[in-house]
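The file protein30.txt contains compact mmCIF, C-alpha atoms:
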# COMPACT_ATOMS: atom_id res chain seq x y z
CA ARG A 198 -38.87 4.06 1.93
CA VAL A 199 -36.87 1.09 0.70
CA ALA A 200 -35.97 0.09 4.26
CA GLN A 201 -39.67 -0.08 5.11
CA ARG A 202 -40.39 -2.19 2.03
CA TYR A 203 -37.76 -4.72 3.03
CA SER A 204 -39.26 -5.04 6.51
CA HIS A 205 -42.39 -6.61 4.99
CA CYS A 206 -40.45 -9.33 3.13
CA SER A 207 -40.42 -12.77 4.66
CA ALA A 208 -37.78 -15.42 4.26
CA VAL A 209 -38.28 -17.65 1.22
CA ASP A 210 -36.93 -20.99 0.09
CA ASP A 211 -33.15 -20.87 -0.09
CA GLU A 212 -33.03 -22.69 -3.43
CA ARG A 213 -30.67 -20.11 -4.95
CA ASN A 214 -29.13 -17.82 -2.36
CA VAL A 215 -26.50 -15.34 -3.62
CA SER A 216 -24.64 -12.24 -2.50
CA ILE A 217 -24.36 -9.14 -4.65
CA TYR A 218 -21.46 -6.70 -4.93
CA LEU A 219 -22.15 -3.35 -6.62
CA HIS A 220 -19.19 -1.29 -7.77
CA TRP A 221 -19.49 2.51 -7.69
CA PRO A 222 -16.34 3.55 -9.59
CA PHE A 223 -16.05 7.26 -8.79
CA CYS A 224 -13.74 8.90 -6.25
CA LYS A 225 -13.14 12.50 -5.31
CA GLN A 226 -9.39 11.92 -5.60
CA LEU A 227 -6.98 9.00 -5.98
CA CYS A 228 -5.32 7.52 -2.92
CA THR A 229 -1.56 7.03 -3.08
CA TYR A 230 -1.78 3.25 -2.76
CA CYS A 231 -5.01 2.37 -4.61
CA SER A 232 -4.93 0.23 -7.75
CA PHE A 233 -8.67 -0.44 -7.96
CA ASN A 234 -10.79 0.31 -11.01
CA LYS A 235 -11.79 3.90 -10.20
CA TYR A 236 -12.27 7.31 -11.80
CA ALA A 237 -11.33 10.52 -9.99
CA ARG A 238 -13.98 12.88 -11.28
CA SER A 239 -17.15 14.57 -10.16
CA ILE A 240 -20.36 13.68 -11.96
CA ASP A 241 -23.52 15.69 -12.49
CA LYS A 242 -27.04 14.59 -11.65
CA ASN A 243 -27.81 13.32 -15.15
CA THR A 244 -24.67 11.19 -15.25
CA GLU A 245 -25.38 9.77 -11.81
CA GLU A 246 -28.88 8.83 -12.90
CA LYS A 247 -27.48 7.09 -15.98
CA ILE A 248 -24.98 5.13 -13.89
CA ALA A 249 -27.77 4.12 -11.51
CA GLN A 250 -29.82 2.91 -14.48
CA CYS A 251 -26.84 0.89 -15.74
CA LEU A 252 -26.23 -0.73 -12.36
CA THR A 253 -29.93 -1.50 -11.95
CA LYS A 254 -30.29 -3.02 -15.39
CA GLU A 255 -27.18 -5.15 -15.02
CA ALA A 256 -28.33 -6.32 -11.59
CA GLU A 257 -31.77 -7.26 -12.87
CA THR A 258 -30.27 -9.06 -15.88
CA LEU A 259 -27.70 -11.11 -14.00
CA ILE A 260 -30.03 -11.95 -11.11
CA SER A 261 -32.55 -13.26 -13.64
CA LEU A 262 -29.89 -15.22 -15.54
CA SER A 263 -28.64 -16.82 -12.35
CA GLY A 264 -32.06 -17.98 -11.24
CA THR A 265 -31.58 -16.35 -7.87
CA SER A 266 -34.46 -16.91 -5.45
CA ARG A 267 -33.08 -14.97 -2.48
CA VAL A 268 -30.43 -12.31 -1.93
CA PHE A 269 -28.35 -13.06 1.15
CA SER A 270 -26.34 -9.83 1.25
CA ILE A 271 -25.64 -6.69 -0.78
CA TYR A 272 -22.43 -4.68 -0.72
CA PHE A 273 -21.81 -1.27 -2.29
CA GLY A 274 -18.05 -0.90 -2.83
CA GLY A 275 -15.85 1.39 -4.80
CA GLY A 276 -14.51 3.71 -5.70
CA THR A 277 -16.43 5.70 -3.15
CA PRO A 278 -20.14 4.79 -3.11
CA SER A 279 -20.82 7.28 -0.32
CA LEU A 280 -20.33 10.00 -2.95
CA ALA A 281 -23.57 8.83 -4.57
CA HIS A 282 -26.84 10.41 -3.55
CA PRO A 283 -28.90 8.25 -1.16
CA HIS A 284 -31.69 8.27 -3.73
CA THR A 285 -29.30 6.58 -6.19
CA ILE A 286 -28.59 3.80 -3.71
CA ALA A 287 -32.32 3.44 -3.05
CA SER A 288 -33.14 3.15 -6.76
CA VAL A 289 -30.59 0.37 -7.29
CA LEU A 290 -31.95 -1.52 -4.28
CA GLU A 291 -35.46 -1.11 -5.67
CA GLY A 292 -34.30 -2.74 -8.91
CA ILE A 293 -32.87 -5.73 -7.04
CA HIS A 294 -36.08 -5.99 -5.04
CA ARG A 295 -38.12 -6.21 -8.25
CA VAL A 296 -36.43 -9.42 -9.40
CA ALA A 297 -35.43 -11.21 -6.19
CA HIS A 298 -36.57 -11.71 -2.61
CA VAL A 299 -34.67 -9.47 -0.21
CA SER A 300 -35.60 -10.38 3.35
CA SER A 301 -35.61 -8.06 6.32
CA ASP A 302 -32.39 -9.65 7.66
CA CYS A 303 -30.44 -9.09 4.43
CA GLU A 304 -27.14 -7.36 5.25
CA ILE A 305 -26.78 -4.25 3.04
CA THR A 306 -23.36 -2.62 3.40
CA LEU A 307 -22.05 0.65 2.03
CA GLU A 308 -18.39 1.68 1.97
CA ALA A 309 -18.01 5.28 3.12
CA ASN A 310 -15.27 7.84 3.46
CA PRO A 311 -15.41 9.59 6.84
CA SER A 312 -15.44 13.13 5.45
CA SER A 313 -17.84 15.80 6.70
CA ALA A 314 -19.85 15.87 3.47
CA GLU A 315 -20.38 12.13 3.44
CA CYS A 316 -21.10 12.00 7.18
CA GLU A 317 -24.10 14.23 6.56
CA ARG A 318 -25.51 11.62 4.14
CA LEU A 319 -25.47 8.67 6.53
CA GLN A 320 -29.06 9.18 7.68
CA GLY A 321 -30.13 9.25 4.04
CA PHE A 322 -28.29 6.00 3.29
CA LYS A 323 -30.01 4.33 6.24
CA ALA A 324 -33.39 5.49 4.94
CA ALA A 325 -32.46 4.08 1.52
CA GLY A 326 -32.05 0.60 3.00
CA VAL A 327 -28.38 0.43 4.04
CA ASN A 328 -27.96 -1.29 7.41
CA ARG A 329 -24.17 -1.65 7.71
CA LEU A 330 -21.24 0.72 7.06
CA SER A 331 -17.60 0.12 6.22
CA LEU A 332 -15.64 3.27 7.11
CA GLY A 333 -12.31 3.86 5.37
CA VAL A 334 -10.57 5.65 8.25
CA GLN A 335 -7.12 4.17 7.36
CA ALA A 336 -5.14 6.18 9.94
CA LEU A 337 -5.55 8.42 12.97
CA ASP A 338 -2.71 10.74 11.99
CA ASN A 339 -3.33 13.76 9.76
CA SER A 340 0.16 13.67 8.24
CA VAL A 341 -0.37 10.04 7.21
CA LEU A 342 -3.83 10.81 5.80
CA SER A 343 -2.29 13.62 3.76
CA TRP A 344 0.41 11.31 2.40
CA PHE A 345 -2.28 8.73 1.57
CA ASN A 346 -4.08 11.56 -0.29
CA ARG A 347 -7.24 10.88 1.67
CA ASP A 348 -9.90 13.60 1.65
CA HIS A 349 -10.71 13.51 5.37
CA THR A 350 -9.05 14.53 8.62
CA VAL A 351 -8.79 12.70 11.94
CA ALA A 352 -11.42 15.03 13.43
CA GLU A 353 -13.82 14.21 10.59
CA ALA A 354 -13.17 10.50 11.01
CA LEU A 355 -13.95 10.63 14.73
CA LYS A 356 -17.15 12.57 14.07
CA THR A 357 -18.25 10.08 11.41
CA ILE A 358 -17.54 7.12 13.70
CA GLU A 359 -19.79 8.66 16.36
CA GLU A 360 -22.56 9.17 13.81
CA ALA A 361 -22.14 5.61 12.55
CA LYS A 362 -22.40 4.29 16.12
CA ARG A 363 -25.65 6.19 16.54
CA LEU A 364 -27.21 5.10 13.25
CA PHE A 365 -25.76 1.59 12.86
CA PRO A 366 -24.99 0.31 16.37
CA GLY A 367 -22.99 -2.92 16.19
CA ARG A 368 -23.13 -2.87 12.38
CA PHE A 369 -20.17 -0.91 11.12
CA ASN A 370 -16.49 -1.61 10.70
CA THR A 371 -13.46 0.65 10.67
CA ASP A 372 -10.61 0.07 8.20
CA LEU A 373 -7.01 0.80 9.20
CA MET A 374 -3.76 0.40 7.27
CA PHE A 375 -0.40 -0.59 8.74
CA GLY A 376 3.13 -0.73 7.38
CA ARG A 377 3.43 2.80 6.03
CA PRO A 378 6.88 4.41 5.79
CA GLY A 379 8.48 4.82 9.21
CA HIS A 380 5.67 2.98 11.00
CA THR A 381 6.84 1.81 14.43
CA VAL A 382 5.43 -0.75 16.84
CA GLN A 383 4.72 1.91 19.46
CA GLN A 384 2.91 4.17 16.98
CA TRP A 385 0.77 1.24 15.90
CA ARG A 386 0.00 0.21 19.48
CA ASP A 387 -1.10 3.75 20.36
CA GLU A 388 -3.29 3.94 17.26
CA LEU A 389 -4.94 0.57 17.94
CA GLU A 390 -5.63 1.48 21.57
CA LYS A 391 -7.22 4.74 20.47
CA VAL A 392 -9.43 3.24 17.79
CA ILE A 393 -10.64 0.48 20.14
CA GLN A 394 -11.93 3.14 22.52
CA ILE A 395 -14.17 4.62 19.85
CA CYS A 396 -14.95 1.67 17.61
CA ASP A 397 -15.03 -1.56 19.58
CA ASP A 398 -17.22 -3.88 17.46
CA HIS A 399 -15.36 -4.54 14.20
CA ILE A 400 -11.95 -3.47 12.90
CA SER A 401 -10.35 -4.44 9.59
CA LEU A 402 -6.58 -4.21 9.15
CA TYR A 403 -4.78 -4.05 5.82
CA GLU A 404 -1.07 -4.13 5.13
CA LEU A 405 0.08 -1.33 2.87
CA THR A 406 1.30 -2.99 -0.32
CA VAL A 407 2.89 -1.64 -3.49
CA GLU A 408 0.59 -2.08 -6.49
CA GLY A 409 1.26 -1.35 -10.14
CA GLY A 410 0.08 1.97 -11.55
CA THR A 411 -0.06 3.74 -8.19
CA GLU A 412 1.68 6.82 -6.86
CA LEU A 413 3.09 4.65 -4.09
CA LYS A 414 4.82 2.40 -6.61
CA ARG A 415 6.33 5.43 -8.34
CA GLN A 416 7.63 6.76 -5.01
CA VAL A 417 9.12 3.40 -4.01
CA GLU A 418 10.80 2.89 -7.38
CA ALA A 419 12.19 6.43 -7.25
CA LYS A 420 13.46 5.63 -3.73
CA GLU A 421 11.51 8.57 -2.32
CA VAL A 422 10.00 6.30 0.34
CA SER A 423 10.56 2.81 1.65
CA LEU A 424 8.15 0.51 3.44
CA PRO A 425 8.98 -1.58 6.52
CA ASP A 426 10.64 -4.91 5.77
CA SER A 427 8.78 -8.23 6.08
CA ASP A 428 9.92 -8.80 9.66
CA MET A 429 8.57 -5.43 10.77
CA MET A 430 5.31 -6.05 8.89
CA ALA A 431 4.95 -9.35 10.72
CA ASP A 432 5.62 -7.65 14.07
CA LEU A 433 2.99 -4.99 13.35
CA TYR A 434 0.42 -7.60 12.39
CA GLN A 435 1.13 -9.82 15.38
CA LEU A 436 0.86 -6.84 17.70
CA ALA A 437 -2.54 -6.01 16.24
CA VAL A 438 -3.76 -9.57 16.78
CA GLU A 439 -2.67 -9.47 20.42
CA VAL A 440 -4.07 -6.02 21.18
CA LEU A 441 -7.43 -6.59 19.50
CA GLU A 442 -7.99 -10.06 20.91
CA ASN A 443 -7.07 -8.81 24.37
CA HIS A 444 -9.95 -6.36 24.00
CA GLY A 445 -12.41 -9.06 22.93
CA LEU A 446 -12.21 -8.61 19.15
CA LYS A 447 -11.63 -12.08 17.76
CA ARG A 448 -9.89 -12.66 14.45
CA TYR A 449 -12.42 -14.39 12.19
CA GLU A 450 -10.47 -13.79 8.97
CA VAL A 451 -6.88 -12.80 8.32
CA SER A 452 -7.72 -9.06 8.16
CA ASN A 453 -10.92 -8.88 10.19
CA PHE A 454 -11.59 -8.74 13.93
CA ALA A 455 -14.98 -8.49 15.60
CA ARG A 456 -16.98 -9.12 18.72
CA PRO A 457 -19.38 -12.07 18.45
CA GLY A 458 -22.33 -11.10 16.25
CA ALA A 459 -20.61 -8.12 14.62
CA GLU A 460 -18.90 -10.06 11.81
CA SER A 461 -19.45 -9.08 8.17
CA GLN A 462 -21.82 -11.66 6.72
CA HIS A 463 -21.17 -10.55 3.15
CA ASN A 464 -17.40 -10.97 3.23
CA GLY A 465 -17.81 -14.35 4.87
CA ARG A 466 -19.56 -15.54 1.72
CA TYR A 467 -16.40 -14.98 -0.32
CA TRP A 468 -14.22 -16.88 2.12
CA ARG A 469 -16.61 -19.84 2.19
CA GLY A 470 -16.70 -20.00 -1.61
CA LYS A 471 -20.39 -19.11 -1.92
CA GLU A 472 -21.85 -17.76 -5.14
CA PHE A 473 -21.84 -14.03 -5.73
CA ILE A 474 -22.85 -11.65 -8.49
CA GLY A 475 -20.64 -8.65 -9.23
CA ILE A 476 -22.36 -5.59 -10.71
CA GLY A 477 -20.58 -2.67 -12.35
CA PRO A 478 -17.31 -1.91 -14.16
CA GLY A 479 -14.33 -4.14 -13.47
CA MET A 480 -16.33 -6.67 -11.47
CA ILE A 481 -15.98 -10.43 -11.57
CA ARG A 482 -19.16 -12.47 -11.47
CA SER A 483 -19.11 -16.08 -10.35
CA PHE A 484 -22.28 -18.09 -10.47
CA SER A 485 -23.51 -21.20 -12.20
CA LEU A 486 -26.25 -20.98 -14.81
CA SER A 487 -26.67 -24.74 -14.79
CA HIS A 488 -24.84 -27.80 -13.60
CA THR A 489 -22.38 -27.49 -16.49
CA LEU A 490 -22.09 -23.79 -17.27
CA SER A 491 -20.56 -21.04 -15.21
CA PHE A 492 -20.49 -17.37 -16.07
CA SER A 493 -17.71 -14.96 -15.29
CA LEU A 494 -17.29 -11.57 -16.96
CA SER A 495 -15.45 -8.35 -16.36
CA LEU A 496 -16.41 -5.26 -18.34
CA PRO A 497 -14.41 -2.04 -18.73
CA PHE A 498 -16.37 0.97 -17.54
CA CYS A 499 -16.97 2.53 -20.97
CA LEU A 500 -18.27 -0.75 -22.40
CA PHE A 501 -20.40 -1.24 -19.29
CA VAL A 502 -22.13 2.12 -19.79
CA THR A 503 -22.46 1.74 -23.56
CA LEU A 504 -24.02 -1.71 -23.45
CA LEU A 505 -26.53 -0.90 -20.78
CA SER A 506 -27.40 2.69 -21.64
CA GLU A 507 -28.23 1.63 -25.19
CA SER A 508 -30.57 -1.04 -23.79
CA LEU A 509 -28.68 -3.91 -25.38
CA SER A 510 -29.27 -7.32 -23.91
CA LEU A 511 -26.31 -8.84 -22.11
CA SER A 512 -25.07 -11.92 -23.89
CA LEU A 513 -22.67 -14.57 -22.67
CA PRO A 514 -19.42 -13.82 -24.55
CA VAL A 515 -17.41 -16.31 -22.55
CA SER A 516 -18.17 -19.82 -21.34
CA LEU A 517 -15.99 -21.06 -18.53
CA PRO A 518 -15.76 -24.46 -16.85
CA PRO A 519 -16.94 -24.41 -13.22
CA TYR A 520 -13.45 -24.90 -11.79
CA LEU A 521 -12.19 -21.70 -13.43
CA SER A 522 -15.01 -19.59 -12.04
CA CYS A 523 -14.32 -21.21 -8.69
CA CYS A 524 -10.71 -20.00 -8.94
CA PHE A 525 -11.94 -16.41 -9.30
CA SER A 526 -13.93 -16.84 -6.07
CA LEU A 527 -11.08 -18.50 -4.25
CA SER A 528 -8.75 -15.64 -5.14
CA LEU A 529 -10.96 -13.56 -2.84
CA SER A 530 -11.20 -16.27 -0.22
CA PRO A 531 -8.09 -16.91 1.87
CA SER A 532 -8.12 -20.31 3.55
CA LEU A 533 -7.89 -20.13 7.32
CA PRO A 534 -7.21 -22.88 9.86

Please lay out the structure from this file as structure tokens.
Amino acid sequence: RVAQRYSHCSAVDDERNVSIYLHWPFCKQLCTYCSFNKYARSIDKNTEEKIAQCLTKEAETLISLSGTSRVFSIYFGGGTPSLAHPHTIASVLEGIHRVAHVSSDCEITLEANPSSAECERLQGFKAAGVNRLSLGVQALDNSVLSWFNRDHTVAEALKTIEEAKRLFPGRFNTDLMFGRPGHTVQQWRDELEKVIQICDDHISLYELTVEGGTELKRQVEAKEVSLPDSDMMADLYQLAVEVLENHGLKRYEVSNFARPGAESQHNGRYWRGKEFIGIGPGMIRSFSLSHTLSFSLSLPFCLFVTLLSESLSLSLPVSLPPYLSCCFSLSLSPSLP
């Protein structure tokens, strides 16, 4: 198994140490608020294999171009990467392993929806080499989950959290969203207290925001719903800081709270401005090919598949000065006191 292969790797010289983000663009359905590059469709086995080949080839190409000597962390984001078969995740990790050193302490994270179907795959993802989960719970209220157009229930979320605790103790985080229509301070306090009881290592909090091209934006513009004002948003956030820190979860980034040792190492790389390689459609890559050349490229999904499935070599269609690539990284890296 891939996980067993990684256990035999030893640490190597940290001459070129990068993090890798792999974008799996498919979702079962579109969330009300999501503006990410995603495709709500099911895919058959042959298509999934082709996508895996594309991701693997792009990863091998960009890792080689960057001169990477060691992979610090790997993150499968989406879309919904937990919809992929564990074998697909394993094959992509195998490709990375062929061209770079991946040590036994490399953090390998997978974003997962807490639905029953995906919960059943968690053991398979662990066997594939994944050692950390990011669970998109978002709310502990079925009516809110329905309005978000999420494909899981509160009961499924609780079951998945228990399975994650068993398989990835101290190495999973739970995502929650605040500031939905009608959200009150008391509702938020009750929800935080409940989630702390079941997931007490790492919690990520995200303010619901209106993004272009989303169902939420349509509803707001049509005055079908309204979000809390900025003062209420601030109150909800401040409450969360107080409640979580009172329970020993320290804020180590504006949206992330964890007990010592449970922090996400991968996300910390963005905030510290470290180099990363983005793989897949819609991704930004930021790494230096030399002291004077940086490379940053974002490919639409169709072009991504066409280029790689036809076995064309990736060229460098755009040359950017280092400061501009740095700006792309910093846009993902809020400065904290």

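Here the question is which of A:Val296, A:Ser232, A:Leu219, A:Ser313 gets nearest to Leu413 of chain A using all atoms listed in the file, and that residue is A:Ser232.
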
>> Considering only C-alpha atoms, can you say which of A:Leu446, A:Ile400, A:Ala361, A:Val351 comes closest to Asn328 of chain A?
In response: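 With only C-alpha atoms as the atom set, the closest residue is A:Ala361.
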
>> Residues within 9 Å of Glu246 of chain A, please, as a list in words. Count only C-alpha atoms; anything in the same chain fewer than 5 positions from it doesn't count.
In response: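 Surrounding residues, per the criterion: Asp241, Cys251 and Thr285 of chain A.
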
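Each of A:Met374, A:Ala309, A:Leu389, A:Ile395 was checked against Met430 of chain A using all atoms listed in the file; the smallest atom-to-atom distance is that of A:Met374.
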
>> If I take atom CA of Met429 of chain A and atom CA of His399 of chain A, how far is one from the other in Å, to one decimal?
In response: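 Atom CA of Met429 of chain A sits 24.2 Å away from atom CA of His399 of chain A.
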
> Could you work out how far atom CA of Arg238 of chain A lies from atom CA of Ile305 of chain A, giving the answer in Å with one decimal?
Replying inline: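 So the answer is 25.7 Å.
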
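With distances restricted to all atoms listed in the file, A:Gly477 is the closest residue to Lys235 of chain A from A:Asp302, A:Leu259, A:Glu317, A:Gly477.
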
>> Between atom CA of Asp426 of chain A and atom CA of Thr381 of chain A, what is the distance in Å, rounded to a tenth?
In response: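 Those two atoms sit 11.6 Å apart.
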
> Do you know which residues are at most 9 Å from Ile358 of chain A counting only C-alpha atoms, after dropping those on the same chain fewer than 2 positions away, and could you put them as a list in words?
Replying inline: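 Listing them by chain and then by number gives Pro311, Cys316, Leu332, Val334, Glu353, Ala354, Leu355, Lys356, Glu360, Ala361, Lys362, Arg363, Phe369, Thr371, Ile395 and Cys396 of chain A.
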
May I have the residues from that selection written out with C-alpha atoms, as a PDB file, keeping the file's coordinate frame?
ATOM      1  CA  PRO A 311     -15.410   9.590   6.840  1.00  0.00           C
ATOM      2  CA  CYS A 316     -21.100  12.000   7.180  1.00  0.00           C
ATOM      3  CA  LEU A 332     -15.640   3.270   7.110  1.00  0.00           C
ATOM      4  CA  VAL A 334     -10.570   5.650   8.250  1.00  0.00           C
ATOM      5  CA  GLU A 353     -13.820  14.210  10.590  1.00  0.00           C
ATOM      6  CA  ALA A 354     -13.170  10.500  11.010  1.00  0.00           C
ATOM      7  CA  LEU A 355     -13.950  10.630  14.730  1.00  0.00           C
ATOM      8  CA  LYS A 356     -17.150  12.570  14.070  1.00  0.00           C
ATOM      9  CA  GLU A 360     -22.560   9.170  13.810  1.00  0.00           C
ATOM     10  CA  ALA A 361     -22.140   5.610  12.550  1.00  0.00           C
ATOM     11  CA  LYS A 362     -22.400   4.290  16.120  1.00  0.00           C
ATOM     12  CA  ARG A 363     -25.650   6.190  16.540  1.00  0.00           C
ATOM     13  CA  PHE A 369     -20.170  -0.910  11.120  1.00  0.00           C
ATOM     14  CA  THR A 371     -13.460   0.650  10.670  1.00  0.00           C
ATOM     15  CA  ILE A 395     -14.170   4.620  19.850  1.00  0.00           C
ATOM     16  CA  CYS A 396     -14.950   1.670  17.610  1.00  0.00           C
TER      17      CYS A 396
END

>> Which polymer residues, whether protein, DNA or RNA, lie within 10 Å of the coordinate (-8.0, -9.5, 15.4) when you count all atoms listed in the file? List them as a list in words, using the chain letters and numbers from the file.
In response: His399, Ile400, Ser401, Leu402, Tyr434, Gln435, Leu436, Ala437, Val438, Glu439, Val440, Leu441, Glu442, Asn443, His444, Gly445, Leu446, Lys447, Arg448, Tyr449, Glu450, Val451, Ser452, Asn453, Phe454, Ala455 and Arg456 of chain A

How would the residues just picked look written out with C-alpha atoms as a PDB file, in the frame of the given file?
ATOM      1  CA  HIS A 399     -15.360  -4.540  14.200  1.00  0.00           C
ATOM      2  CA  ILE A 400     -11.950  -3.470  12.900  1.00  0.00           C
ATOM      3  CA  SER A 401     -10.350  -4.440   9.590  1.00  0.00           C
ATOM      4  CA  LEU A 402      -6.580  -4.210   9.150  1.00  0.00           C
ATOM      5  CA  TYR A 434       0.420  -7.600  12.390  1.00  0.00           C
ATOM      6  CA  GLN A 435       1.130  -9.820  15.380  1.00  0.00           C
ATOM      7  CA  LEU A 436       0.860  -6.840  17.700  1.00  0.00           C
ATOM      8  CA  ALA A 437      -2.540  -6.010  16.240  1.00  0.00           C
ATOM      9  CA  VAL A 438      -3.760  -9.570  16.780  1.00  0.00           C
ATOM     10  CA  GLU A 439      -2.670  -9.470  20.420  1.00  0.00           C
ATOM     11  CA  VAL A 440      -4.070  -6.020  21.180  1.00  0.00           C
ATOM     12  CA  LEU A 441      -7.430  -6.590  19.500  1.00  0.00           C
ATOM     13  CA  GLU A 442      -7.990 -10.060  20.910  1.00  0.00           C
ATOM     14  CA  ASN A 443      -7.070  -8.810  24.370  1.00  0.00           C
ATOM     15  CA  HIS A 444      -9.950  -6.360  24.000  1.00  0.00           C
ATOM     16  CA  GLY A 445     -12.410  -9.060  22.930  1.00  0.00           C
ATOM     17  CA  LEU A 446     -12.210  -8.610  19.150  1.00  0.00           C
ATOM     18  CA  LYS A 447     -11.630 -12.080  17.760  1.00  0.00           C
ATOM     19  CA  ARG A 448      -9.890 -12.660  14.450  1.00  0.00           C
ATOM     20  CA  TYR A 449     -12.420 -14.390  12.190  1.00  0.00           C
ATOM     21  CA  GLU A 450     -10.470 -13.790   8.970  1.00  0.00           C
ATOM     22  CA  VAL A 451      -6.880 -12.800   8.320  1.00  0.00           C
ATOM     23  CA  SER A 452      -7.720  -9.060   8.160  1.00  0.00           C
ATOM     24  CA  ASN A 453     -10.920  -8.880  10.190  1.00  0.00           C
ATOM     25  CA  PHE A 454     -11.590  -8.740  13.930  1.00  0.00           C
ATOM     26  CA  ALA A 455     -14.980  -8.490  15.600  1.00  0.00           C
ATOM     27  CA  ARG A 456     -16.980  -9.120  18.720  1.00  0.00           C
TER      28      ARG A 456
END

Where atoms are lacking, segment 431-443 of chain A completed to N, CA, C and O atoms, as a PDB file, in the coordinates of the input:
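As written to disk, out.pdb reads:
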ATOM      1  N   ALA A 431       5.446  -8.240   9.907  1.00  0.00           N
ATOM      2  CA  ALA A 431       4.950  -9.350  10.720  1.00  0.00           C
ATOM      3  C   ALA A 431       4.781  -8.921  12.174  1.00  0.00           C
ATOM      4  O   ALA A 431       3.797  -9.289  12.835  1.00  0.00           O
ATOM      5  N   ASP A 432       5.723  -8.135  12.684  1.00  0.00           N
ATOM      6  CA  ASP A 432       5.620  -7.650  14.070  1.00  0.00           C
ATOM      7  C   ASP A 432       4.397  -6.760  14.249  1.00  0.00           C
ATOM      8  O   ASP A 432       3.686  -6.848  15.266  1.00  0.00           O
ATOM      9  N   LEU A 433       4.143  -5.882  13.268  1.00  0.00           N
ATOM     10  CA  LEU A 433       2.990  -4.990  13.350  1.00  0.00           C
ATOM     11  C   LEU A 433       1.686  -5.783  13.327  1.00  0.00           C
ATOM     12  O   LEU A 433       0.745  -5.496  14.091  1.00  0.00           O
ATOM     13  N   TYR A 434       1.637  -6.785  12.473  1.00  0.00           N
ATOM     14  CA  TYR A 434       0.420  -7.600  12.390  1.00  0.00           C
ATOM     15  C   TYR A 434       0.208  -8.390  13.678  1.00  0.00           C
ATOM     16  O   TYR A 434      -0.901  -8.434  14.226  1.00  0.00           O
ATOM     17  N   GLN A 435       1.262  -9.023  14.175  1.00  0.00           N
ATOM     18  CA  GLN A 435       1.130  -9.820  15.380  1.00  0.00           C
ATOM     19  C   GLN A 435       0.722  -8.964  16.581  1.00  0.00           C
ATOM     20  O   GLN A 435      -0.080  -9.381  17.425  1.00  0.00           O
ATOM     21  N   LEU A 436       1.258  -7.758  16.640  1.00  0.00           N
ATOM     22  CA  LEU A 436       0.860  -6.840  17.700  1.00  0.00           C
ATOM     23  C   LEU A 436      -0.634  -6.556  17.627  1.00  0.00           C
ATOM     24  O   LEU A 436      -1.336  -6.548  18.653  1.00  0.00           O
ATOM     25  N   ALA A 437      -1.117  -6.310  16.415  1.00  0.00           N
ATOM     26  CA  ALA A 437      -2.540  -6.010  16.240  1.00  0.00           C
ATOM     27  C   ALA A 437      -3.403  -7.179  16.704  1.00  0.00           C
ATOM     28  O   ALA A 437      -4.426  -6.981  17.377  1.00  0.00           O
ATOM     29  N   VAL A 438      -3.002  -8.393  16.348  1.00  0.00           N
ATOM     30  CA  VAL A 438      -3.760  -9.570  16.780  1.00  0.00           C
ATOM     31  C   VAL A 438      -3.840  -9.622  18.302  1.00  0.00           C
ATOM     32  O   VAL A 438      -4.906  -9.832  18.886  1.00  0.00           O
ATOM     33  N   GLU A 439      -2.700  -9.404  18.961  1.00  0.00           N
ATOM     34  CA  GLU A 439      -2.670  -9.470  20.420  1.00  0.00           C
ATOM     35  C   GLU A 439      -3.503  -8.374  21.066  1.00  0.00           C
ATOM     36  O   GLU A 439      -4.293  -8.628  21.983  1.00  0.00           O
ATOM     37  N   VAL A 440      -3.346  -7.144  20.585  1.00  0.00           N
ATOM     38  CA  VAL A 440      -4.070  -6.020  21.180  1.00  0.00           C
ATOM     39  C   VAL A 440      -5.581  -6.176  20.988  1.00  0.00           C
ATOM     40  O   VAL A 440      -6.367  -6.022  21.934  1.00  0.00           O
ATOM     41  N   LEU A 441      -5.996  -6.493  19.777  1.00  0.00           N
ATOM     42  CA  LEU A 441      -7.430  -6.590  19.500  1.00  0.00           C
ATOM     43  C   LEU A 441      -8.068  -7.763  20.220  1.00  0.00           C
ATOM     44  O   LEU A 441      -9.169  -7.634  20.786  1.00  0.00           O
ATOM     45  N   GLU A 442      -7.398  -8.905  20.231  1.00  0.00           N
ATOM     46  CA  GLU A 442      -7.990 -10.060  20.910  1.00  0.00           C
ATOM     47  C   GLU A 442      -8.012  -9.860  22.414  1.00  0.00           C
ATOM     48  O   GLU A 442      -8.922 -10.350  23.090  1.00  0.00           O
ATOM     49  N   ASN A 443      -7.048  -9.123  22.944  1.00  0.00           N
ATOM     50  CA  ASN A 443      -7.070  -8.810  24.370  1.00  0.00           C
ATOM     51  C   ASN A 443      -8.261  -7.934  24.750  1.00  0.00           C
ATOM     52  O   ASN A 443      -8.687  -7.905  25.914  1.00  0.00           O
TER      53      ASN A 443
END
